Every structure is written in structure tokens, then in C-alpha cells.
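Undergrad: For reference, the file my_file_11.tsv (TSV, C-alpha atoms and all ligand atoms) is included below:
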chain	number	residue	atom	x	y	z
A	1	MET	CA	23.75	-5.33	8.97
A	2	ALA	CA	24.35	-7.87	11.73
A	3	ASP	CA	27.63	-7.83	13.62
A	4	ARG	CA	30.06	-10.68	14.11
A	5	SER	CA	28.39	-11.71	17.35
A	6	ALA	CA	25.73	-13.51	15.31
A	7	LEU	CA	28.27	-16.17	14.41
A	8	GLN	CA	29.55	-16.50	17.96
A	9	THR	CA	26.19	-17.54	19.39
A	10	LEU	CA	25.92	-20.47	16.96
A	11	ALA	CA	27.01	-24.04	17.55
A	12	PRO	CA	30.30	-24.78	15.73
A	13	GLU	CA	28.66	-27.33	13.42
A	14	ILE	CA	26.21	-24.67	12.20
A	15	THR	CA	28.90	-22.01	11.88
A	16	ASP	CA	30.98	-24.42	9.79
A	17	GLN	CA	28.11	-25.00	7.38
A	18	ILE	CA	27.52	-21.26	6.99
A	19	GLU	CA	31.20	-20.48	6.46
A	20	ARG	CA	31.37	-23.10	3.70
A	21	LEU	CA	28.56	-21.41	1.73
A	22	ASP	CA	29.67	-19.61	-1.39
A	23	LEU	CA	27.91	-16.31	-0.61
A	24	ARG	CA	28.76	-13.07	-2.38
A	25	HIS	CA	28.24	-9.53	-1.14
A	26	ASP	CA	26.78	-8.39	-4.44
A	27	ILE	CA	24.17	-11.16	-4.88
A	28	PRO	CA	20.87	-11.11	-2.96
A	29	LEU	CA	20.23	-14.02	-0.62
A	30	VAL	CA	16.98	-15.86	0.05
A	31	VAL	CA	16.88	-18.23	3.04
A	32	VAL	CA	14.04	-20.76	2.92
A	33	ASP	CA	12.69	-23.28	5.45
A	34	VAL	CA	11.68	-26.81	4.42
A	35	ASP	CA	8.81	-28.18	6.49
A	36	GLU	CA	5.46	-26.50	5.75
A	37	VAL	CA	7.24	-24.20	3.28
A	38	LEU	CA	8.85	-26.41	0.61
A	39	ALA	CA	7.46	-29.71	1.92
A	40	LEU	CA	4.06	-30.80	3.18
A	41	PHE	CA	5.60	-32.22	6.35
A	42	VAL	CA	2.52	-32.60	8.54
A	43	GLU	CA	0.72	-34.52	5.81
A	44	GLY	CA	3.69	-36.86	5.29
A	45	PHE	CA	4.29	-37.30	9.02
A	46	GLY	CA	0.60	-38.15	9.34
A	47	ARG	CA	1.10	-41.05	6.90
A	48	PHE	CA	4.13	-42.18	8.92
A	49	VAL	CA	2.33	-42.17	12.26
A	50	ALA	CA	-0.63	-43.99	10.67
A	51	SER	CA	1.80	-46.78	9.76
A	52	HIS	CA	2.52	-46.94	13.52
A	53	GLY	CA	-1.18	-47.30	14.33
A	54	LEU	CA	-1.74	-43.68	15.38
A	55	GLU	CA	-4.22	-41.07	14.20
A	56	MET	CA	-3.42	-37.46	13.41
A	57	ARG	CA	-6.35	-35.23	14.33
A	58	LEU	CA	-5.41	-31.75	13.19
A	59	GLN	CA	-6.89	-29.54	15.88
A	60	ARG	CA	-3.93	-27.35	16.81
A	61	PHE	CA	-0.93	-25.73	15.13
A	62	ALA	CA	1.33	-28.27	16.84
A	63	LEU	CA	2.71	-31.66	15.95
A	64	PHE	CA	2.66	-34.14	18.80
A	65	GLN	CA	-0.50	-32.75	20.44
A	66	ASN	CA	-2.45	-33.88	17.37
A	67	LEU	CA	-1.39	-37.54	17.61
A	68	TYR	CA	-3.76	-40.04	19.23
A	69	ARG	CA	-4.20	-43.73	19.70
A	70	PRO	CA	-7.48	-44.79	18.04
A	71	GLY	CA	-10.40	-44.32	20.41
A	72	GLU	CA	-8.44	-42.23	22.92
A	73	SER	CA	-9.26	-38.62	23.73
A	74	ALA	CA	-5.86	-37.58	25.11
A	75	PRO	CA	-2.91	-37.18	22.73
A	76	ILE	CA	0.22	-39.27	23.08
A	77	THR	CA	2.93	-37.91	25.38
A	78	LEU	CA	5.61	-35.48	24.29
A	79	GLU	CA	8.22	-38.20	24.79
A	80	GLU	CA	6.34	-40.60	22.51
A	81	GLY	CA	5.96	-37.83	19.95
A	82	ARG	CA	9.68	-37.04	20.04
A	83	ALA	CA	10.54	-40.73	19.63
A	84	LEU	CA	8.33	-40.90	16.52
A	85	PHE	CA	9.86	-37.68	15.18
A	86	ASP	CA	13.38	-39.09	15.63
A	87	ALA	CA	12.36	-42.40	14.02
A	88	TYR	CA	10.94	-40.50	11.07
A	89	PHE	CA	14.11	-38.48	10.53
A	90	ALA	CA	16.22	-41.62	10.84
A	91	LEU	CA	14.59	-43.01	7.67
A	92	ASP	CA	16.69	-43.04	4.48
A	93	ARG	CA	13.83	-41.63	2.46
A	94	HIS	CA	11.21	-39.14	3.53
A	95	ASP	CA	7.77	-39.64	2.06
A	96	LEU	CA	6.82	-35.98	1.68
A	97	ASP	CA	5.07	-34.16	-1.11
A	98	ALA	CA	6.56	-30.87	-2.25
A	99	THR	CA	4.45	-27.77	-1.74
A	100	PRO	CA	2.68	-26.99	-5.03
A	101	GLY	CA	4.63	-24.38	-7.00
A	102	ALA	CA	7.65	-24.40	-4.69
A	103	ALA	CA	10.21	-25.77	-7.15
A	104	ALA	CA	9.10	-23.43	-9.96
A	105	ALA	CA	9.16	-20.47	-7.57
A	106	LEU	CA	12.68	-21.20	-6.31
A	107	SER	CA	14.03	-21.67	-9.82
A	108	GLU	CA	12.57	-18.26	-10.71
A	109	ILE	CA	14.09	-16.66	-7.58
A	110	ALA	CA	17.43	-18.38	-8.26
A	111	ARG	CA	17.81	-16.34	-11.44
A	112	VAL	CA	18.37	-13.24	-9.29
A	113	ALA	CA	19.42	-14.50	-5.87
A	114	ARG	CA	21.43	-17.14	-4.04
A	115	ILE	CA	19.12	-19.60	-2.30
A	116	VAL	CA	20.04	-21.31	0.98
A	117	ILE	CA	17.70	-23.83	2.53
A	118	LEU	CA	17.78	-23.66	6.34
A	119	THR	CA	16.04	-26.53	8.11
A	120	ASN	CA	15.88	-27.48	11.76
A	121	ALA	CA	16.27	-31.26	11.67
A	122	PRO	CA	18.52	-33.88	13.27
A	123	ALA	CA	22.05	-33.53	11.85
A	124	ALA	CA	22.06	-37.23	10.95
A	125	SER	CA	19.17	-36.67	8.55
A	126	ARG	CA	21.29	-34.56	6.17
A	127	ASP	CA	21.57	-37.25	3.48
A	128	ALA	CA	17.85	-38.00	3.55
A	129	ARG	CA	17.00	-34.29	3.46
A	130	GLU	CA	19.36	-33.67	0.53
A	131	ARG	CA	17.98	-36.69	-1.32
A	132	TRP	CA	14.44	-35.40	-0.86
A	133	LEU	CA	15.41	-31.92	-2.05
A	134	ASP	CA	17.21	-33.37	-5.10
A	135	ASP	CA	14.24	-35.59	-5.92
A	136	HIS	CA	11.87	-32.61	-5.89
A	137	GLY	CA	13.87	-30.15	-8.00
A	138	LEU	CA	15.09	-28.25	-4.92
A	139	ALA	CA	18.82	-28.97	-5.00
A	140	TYR	CA	20.10	-25.80	-3.32
A	141	ASP	CA	22.67	-25.30	-0.55
A	142	LEU	CA	21.39	-26.83	2.68
A	143	VAL	CA	22.15	-25.73	6.23
A	144	ILE	CA	20.90	-27.95	9.05
A	145	GLY	CA	20.22	-25.78	12.06
A	146	ALA	CA	18.75	-26.05	15.53
A	147	GLY	CA	16.73	-23.59	17.57
A	148	PRO	CA	15.49	-20.12	16.59
A	149	LYS	CA	16.79	-19.05	13.20
A	150	GLY	CA	17.82	-15.46	13.96
A	151	ALA	CA	21.48	-16.21	14.62
A	152	PRO	CA	22.13	-18.35	11.52
A	153	VAL	CA	20.23	-15.95	9.26
A	154	ALA	CA	22.13	-12.99	10.72
A	155	ALA	CA	25.42	-14.82	10.11
A	156	MET	CA	24.46	-15.34	6.45
A	157	ALA	CA	23.04	-11.83	6.05
A	158	GLU	CA	26.25	-10.19	7.19
A	159	ARG	CA	27.93	-11.70	4.13
A	160	SER	CA	25.51	-9.97	1.75
A	161	ARG	CA	25.26	-6.24	1.07
A	162	ALA	CA	22.47	-6.97	-1.39
A	163	GLY	CA	18.93	-7.70	-0.19
A	164	VAL	CA	18.21	-10.68	2.02
A	165	ALA	CA	14.85	-12.42	2.48
A	166	PHE	CA	13.72	-15.21	4.82
A	167	VAL	CA	10.73	-17.57	4.54
A	168	ASP	CA	9.38	-19.76	7.35
A	169	ASP	CA	6.05	-21.02	8.68
A	170	LEU	CA	6.81	-20.45	12.38
A	171	LEU	CA	6.46	-17.12	14.16
A	172	VAL	CA	9.22	-18.06	16.60
A	173	ASN	CA	11.70	-18.19	13.72
A	174	LEU	CA	10.37	-15.06	12.00
A	175	ASP	CA	10.48	-13.09	15.26
A	176	SER	CA	13.98	-14.39	15.95
A	177	VAL	CA	15.18	-13.15	12.55
A	178	ALA	CA	13.43	-9.80	13.10
A	179	GLU	CA	15.43	-9.38	16.29
A	180	ALA	CA	18.83	-10.68	15.13
A	181	ALA	CA	18.81	-9.34	11.56
A	182	PRO	CA	16.14	-6.60	11.28
A	183	SER	CA	17.10	-5.63	7.72
A	184	VAL	CA	16.12	-9.09	6.41
A	185	ARG	CA	12.71	-9.13	4.67
A	186	ARG	CA	10.49	-11.72	6.33
A	187	PHE	CA	7.73	-13.82	4.80
A	188	GLN	CA	5.47	-16.29	6.56
A	189	MET	CA	4.17	-19.17	4.42
A	190	VAL	CA	2.03	-22.05	5.70
A	191	ALA	CA	1.92	-24.70	3.02
A	192	ASP	CA	-0.71	-27.11	4.39
A	193	VAL	CA	-4.17	-25.68	3.67
A	194	ARG	CA	-5.55	-27.37	6.80
A	195	LEU	CA	-3.06	-25.53	9.03
A	196	ARG	CA	-3.41	-22.06	7.55
A	197	ALA	CA	-6.24	-20.83	9.77
A	198	MET	CA	-4.64	-22.40	12.88
A	199	ALA	CA	-1.18	-20.92	12.39
A	200	PRO	CA	-0.35	-18.00	14.66
A	201	THR	CA	0.36	-15.04	12.42
A	202	ALA	CA	1.54	-11.44	12.78
A	203	PRO	CA	1.03	-9.64	9.46
A	204	GLU	CA	2.08	-6.33	11.04
A	205	ARG	CA	5.55	-7.82	11.55
A	206	HIS	CA	5.95	-10.39	8.76
A	207	THR	CA	4.33	-10.55	5.33
A	208	ARG	CA	2.03	-13.58	5.14
A	209	ILE	CA	1.65	-15.24	1.72
A	210	ASP	CA	0.66	-18.93	1.54
A	211	ASP	CA	0.84	-19.38	-2.24
A	212	TRP	CA	4.25	-19.77	-3.92
A	213	ALA	CA	2.95	-18.26	-7.19
A	214	LYS	CA	2.35	-15.00	-5.28
A	215	LEU	CA	5.22	-15.37	-2.82
A	216	ALA	CA	7.99	-15.63	-5.43
A	217	PRO	CA	7.37	-12.20	-7.03
A	218	ALA	CA	6.95	-10.63	-3.57
A	219	ILE	CA	10.33	-12.02	-2.54
A	220	THR	CA	12.13	-10.83	-5.67
A	221	ALA	CA	10.53	-7.38	-5.31
A	222	SER	CA	11.66	-7.22	-1.66
A	223	ILE	CA	15.29	-7.83	-2.57
A	224	GLY	CA	15.17	-5.20	-5.28
A	225	ARG	CA	15.38	-7.49	-8.33
B	1	MG	MG	8.89	-25.16	9.01
The structure given in the file should be rewritten as C-alpha cells.
Ligand SMILES: [Mg+2]
TA:
Amino acid sequence: MADRSALQTLAPEITDQIERLDLRHDIPLVVVDVDEVLALFVEGFGRFVASHGLEMRLQRFALFQNLYRPGESAPITLEEGRALFDAYFALDRHDLDATPGAAAALSEIARVARIVILTNAPAASRDARERWLDDHGLAYDLVIGAGPKGAPVAAMAERSRAGVAFVDDLLVNLDSVAEAAPSVRRFQMVADVRLRAMAPTAPERHTRIDDWAKLAPAITASIGR
């Protein structure tokens, strides 16, 4: 079980969101990422950048390094990439497809566990994120975070004596949770089939399952339900 220090390392706006959650010690908790877990973000962001005249050439497990001006061999700069990312998250509606099977899987898991969606996104995108989740049958509690997810997951996990599981596509977040809240069961899922072989993975540390139909029963088994 994590100690109280997990909460102290978090920004107040994240702590506030976590303290408002209606978590119970006797109900298992499953914390789930959005992009490349519940949503096909790279695919949708690719459509967005195309509308800005750019090409996405998926060669690396990265975002901005795959964006090019037509005919150019060097990707756009990090600053240009960040500006596009911010412009995307400033939209009222996000044109993203849900990961196949995600909504059915979460509704199955929700029969035995509390689900909290933890996404790293600009705080101002909360309404658009919630709208997208509602529109795709994923209307669960949402926490908007920033940075590695170990501290927020530890802060949630310390409010549950039942099993806790965490799902994310990024090793940095999975490793962060392993360090801050080692009792949390960790699952890596990479939703976009084109990214699966490129994604850094560490199956000795985190269970890797890219298919929600198989991931859902593995999660419920891991939390003892
Ligand atoms: Mg993600």
C-alpha cells in the first residue's frame, strides 16, 4: 500500500480530482488510460494533421517525429508538433475512433470494479474529453493528469484495500506505477495495430495484452473477481 507521500508529490489540481472520486476500500479499482488504450489517438491525430497539410509517416513509436511536410525528409520541429497537439486538444470535439471492444470490456469490468480514467491531456480539454468518452459508451470518472502516472495511481490505490489494476500504452507510465505503487497490477495495451511492433515493451515487468477481449478477463482475474 502506498503511503500519504504519493498525494504530496502531486499538483493540487490533480490531488483535488482524486480526492473528489467516490472510491471505496472494499471495491477493486481499475485505472485506465485513454490514448492508444480506449481511443485510437494516433490515427485520429493523423487525420487532424492531414487537414493542416502534413503527412504522418509512422516509423517510430513517437508522435511529432512522424509528422512531415509533403516531400520533406526531416520531420517537423518539436515546437511545431507541440503547437499542433495543443490546437488539437483545444477543439470542442475530438475525431477519434474508440478502440474495438473497449466499451464492452469496461462495462464488463465495471460490474466488479470501480473504473477511473486517467489521461494526460491539457486541463482545458476536460469538456471535450468527457464528451468523447460519453459519446463512445465510456462515461466513467475522469482524472486529467500530467507527467508520469505513478503518483496519481498510488494516491488512488491507497484508498482501496481491494485489488487495483492499471492499463497504459507507455512504459514510462507503467514503470512509474511499478515504482510508486508496486502492488498495483500493470497491463500494457497498444491499441493501434500499426504501433504494436514499434512500442517498447517489457513483458517481464508488465503484462502485455493488445486485445480488449483478452485484456478484460485478465484484469478481472488480477483483482481477484
Ligand atoms: Mg496513452
Undergrad: Could you state the separation of atom CA of Asp26 of chain A and atom CA of Arg114 of chain A in Å, given to one decimal place?
TA: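 Distance between the two atoms: 10.3 Å.
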Undergrad: Please list as a ChimeraX atom specification every residue within 8 Å of Ala39 of chain A, counting all atoms listed in the file and excluding residues in the same chain fewer than 2 positions away.
TA: /A:34-37,41,96-99,191
Undergrad: I want to know what sits within 9 Å of segment 102-104 of chain A, based on only C-alpha atoms, with residues of the same chain fewer than 4 positions away left out; could you give that as a VMD selection string?
TA: chain A and resid 37 to 39 98 108 to 109 136 to 138 211 to 213 216
Undergrad: In Å, how far is it from atom CA of Ala123 of chain A to atom CA of Leu54 of chain A?
TA: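 Distance between the two atoms: 26.1 Å.
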Undergrad: Show me which residues sit within 12 Å of ligand MG 1 (chain B) when counting all atoms listed in the file, and put them as a VMD selection string.
TA: chain A and resid 32 to 42 61 to 63 99 117 to 121 145 to 149 166 to 174 188 to 192 195 199
Undergrad: Could you give me segment 20-46 of chain A completed to N, CA and C atoms, formatted as a tab-separated table (two decimals), in the coordinates of the input?
TA:
chain	number	residue	atom	x	y	z
A	20	ARG	N	31.08	-22.38	4.96
A	20	ARG	CA	31.37	-23.10	3.70
A	20	ARG	C	30.51	-22.60	2.53
A	21	LEU	N	29.43	-21.88	2.82
A	21	LEU	CA	28.56	-21.41	1.73
A	21	LEU	C	29.30	-20.42	0.85
A	22	ASP	N	29.04	-20.52	-0.43
A	22	ASP	CA	29.67	-19.61	-1.39
A	22	ASP	C	28.77	-18.38	-1.56
A	23	LEU	N	28.75	-17.51	-0.55
A	23	LEU	CA	27.91	-16.31	-0.61
A	23	LEU	C	28.73	-15.14	-1.12
A	24	ARG	N	28.06	-14.24	-1.84
A	24	ARG	CA	28.76	-13.07	-2.38
A	24	ARG	C	28.03	-11.81	-1.96
A	25	HIS	N	28.82	-10.79	-1.62
A	25	HIS	CA	28.24	-9.53	-1.14
A	25	HIS	C	27.29	-8.89	-2.13
A	26	ASP	N	27.55	-9.12	-3.44
A	26	ASP	CA	26.78	-8.39	-4.44
A	26	ASP	C	25.57	-9.17	-4.97
A	27	ILE	N	25.30	-10.36	-4.41
A	27	ILE	CA	24.17	-11.16	-4.88
A	27	ILE	C	23.15	-11.29	-3.74
A	28	PRO	N	21.88	-10.96	-4.01
A	28	PRO	CA	20.87	-11.11	-2.96
A	28	PRO	C	20.80	-12.56	-2.48
A	29	LEU	N	20.29	-12.71	-1.27
A	29	LEU	CA	20.23	-14.02	-0.62
A	29	LEU	C	18.79	-14.26	-0.15
A	30	VAL	N	18.31	-15.48	-0.43
A	30	VAL	CA	16.98	-15.86	0.05
A	30	VAL	C	17.13	-17.15	0.85
A	31	VAL	N	16.76	-17.09	2.13
A	31	VAL	CA	16.88	-18.23	3.04
A	31	VAL	C	15.48	-18.82	3.24
A	32	VAL	N	15.37	-20.13	2.96
A	32	VAL	CA	14.04	-20.76	2.92
A	32	VAL	C	14.00	-21.99	3.82
A	33	ASP	N	12.95	-22.11	4.61
A	33	ASP	CA	12.69	-23.28	5.45
A	33	ASP	C	12.19	-24.45	4.58
A	34	VAL	N	12.19	-25.64	5.15
A	34	VAL	CA	11.68	-26.81	4.42
A	34	VAL	C	10.24	-27.15	4.85
A	35	ASP	N	10.09	-27.60	6.09
A	35	ASP	CA	8.81	-28.18	6.49
A	35	ASP	C	7.70	-27.14	6.61
A	36	GLU	N	6.62	-27.39	5.90
A	36	GLU	CA	5.46	-26.50	5.75
A	36	GLU	C	5.78	-25.25	4.94
A	37	VAL	N	6.92	-25.28	4.23
A	37	VAL	CA	7.24	-24.20	3.28
A	37	VAL	C	7.54	-24.82	1.91
A	38	LEU	N	8.55	-25.68	1.85
A	38	LEU	CA	8.85	-26.41	0.61
A	38	LEU	C	8.22	-27.79	0.62
A	39	ALA	N	7.98	-28.35	1.79
A	39	ALA	CA	7.46	-29.71	1.92
A	39	ALA	C	6.20	-29.73	2.77
A	40	LEU	N	5.28	-30.61	2.38
A	40	LEU	CA	4.06	-30.80	3.18
A	40	LEU	C	4.38	-31.82	4.28
A	41	PHE	N	5.07	-31.33	5.32
A	41	PHE	CA	5.60	-32.22	6.35
A	41	PHE	C	4.49	-32.85	7.19
A	42	VAL	N	3.55	-32.06	7.64
A	42	VAL	CA	2.52	-32.60	8.54
A	42	VAL	C	1.74	-33.71	7.85
A	43	GLU	N	1.43	-33.49	6.58
A	43	GLU	CA	0.72	-34.52	5.81
A	43	GLU	C	1.55	-35.82	5.73
A	44	GLY	N	2.83	-35.68	5.40
A	44	GLY	CA	3.69	-36.86	5.29
A	44	GLY	C	3.92	-37.54	6.63
A	45	PHE	N	4.11	-36.74	7.68
A	45	PHE	CA	4.29	-37.30	9.02
A	45	PHE	C	3.01	-38.00	9.47
A	46	GLY	N	1.87	-37.50	9.04
A	46	GLY	CA	0.60	-38.15	9.34
A	46	GLY	C	0.54	-39.55	8.74
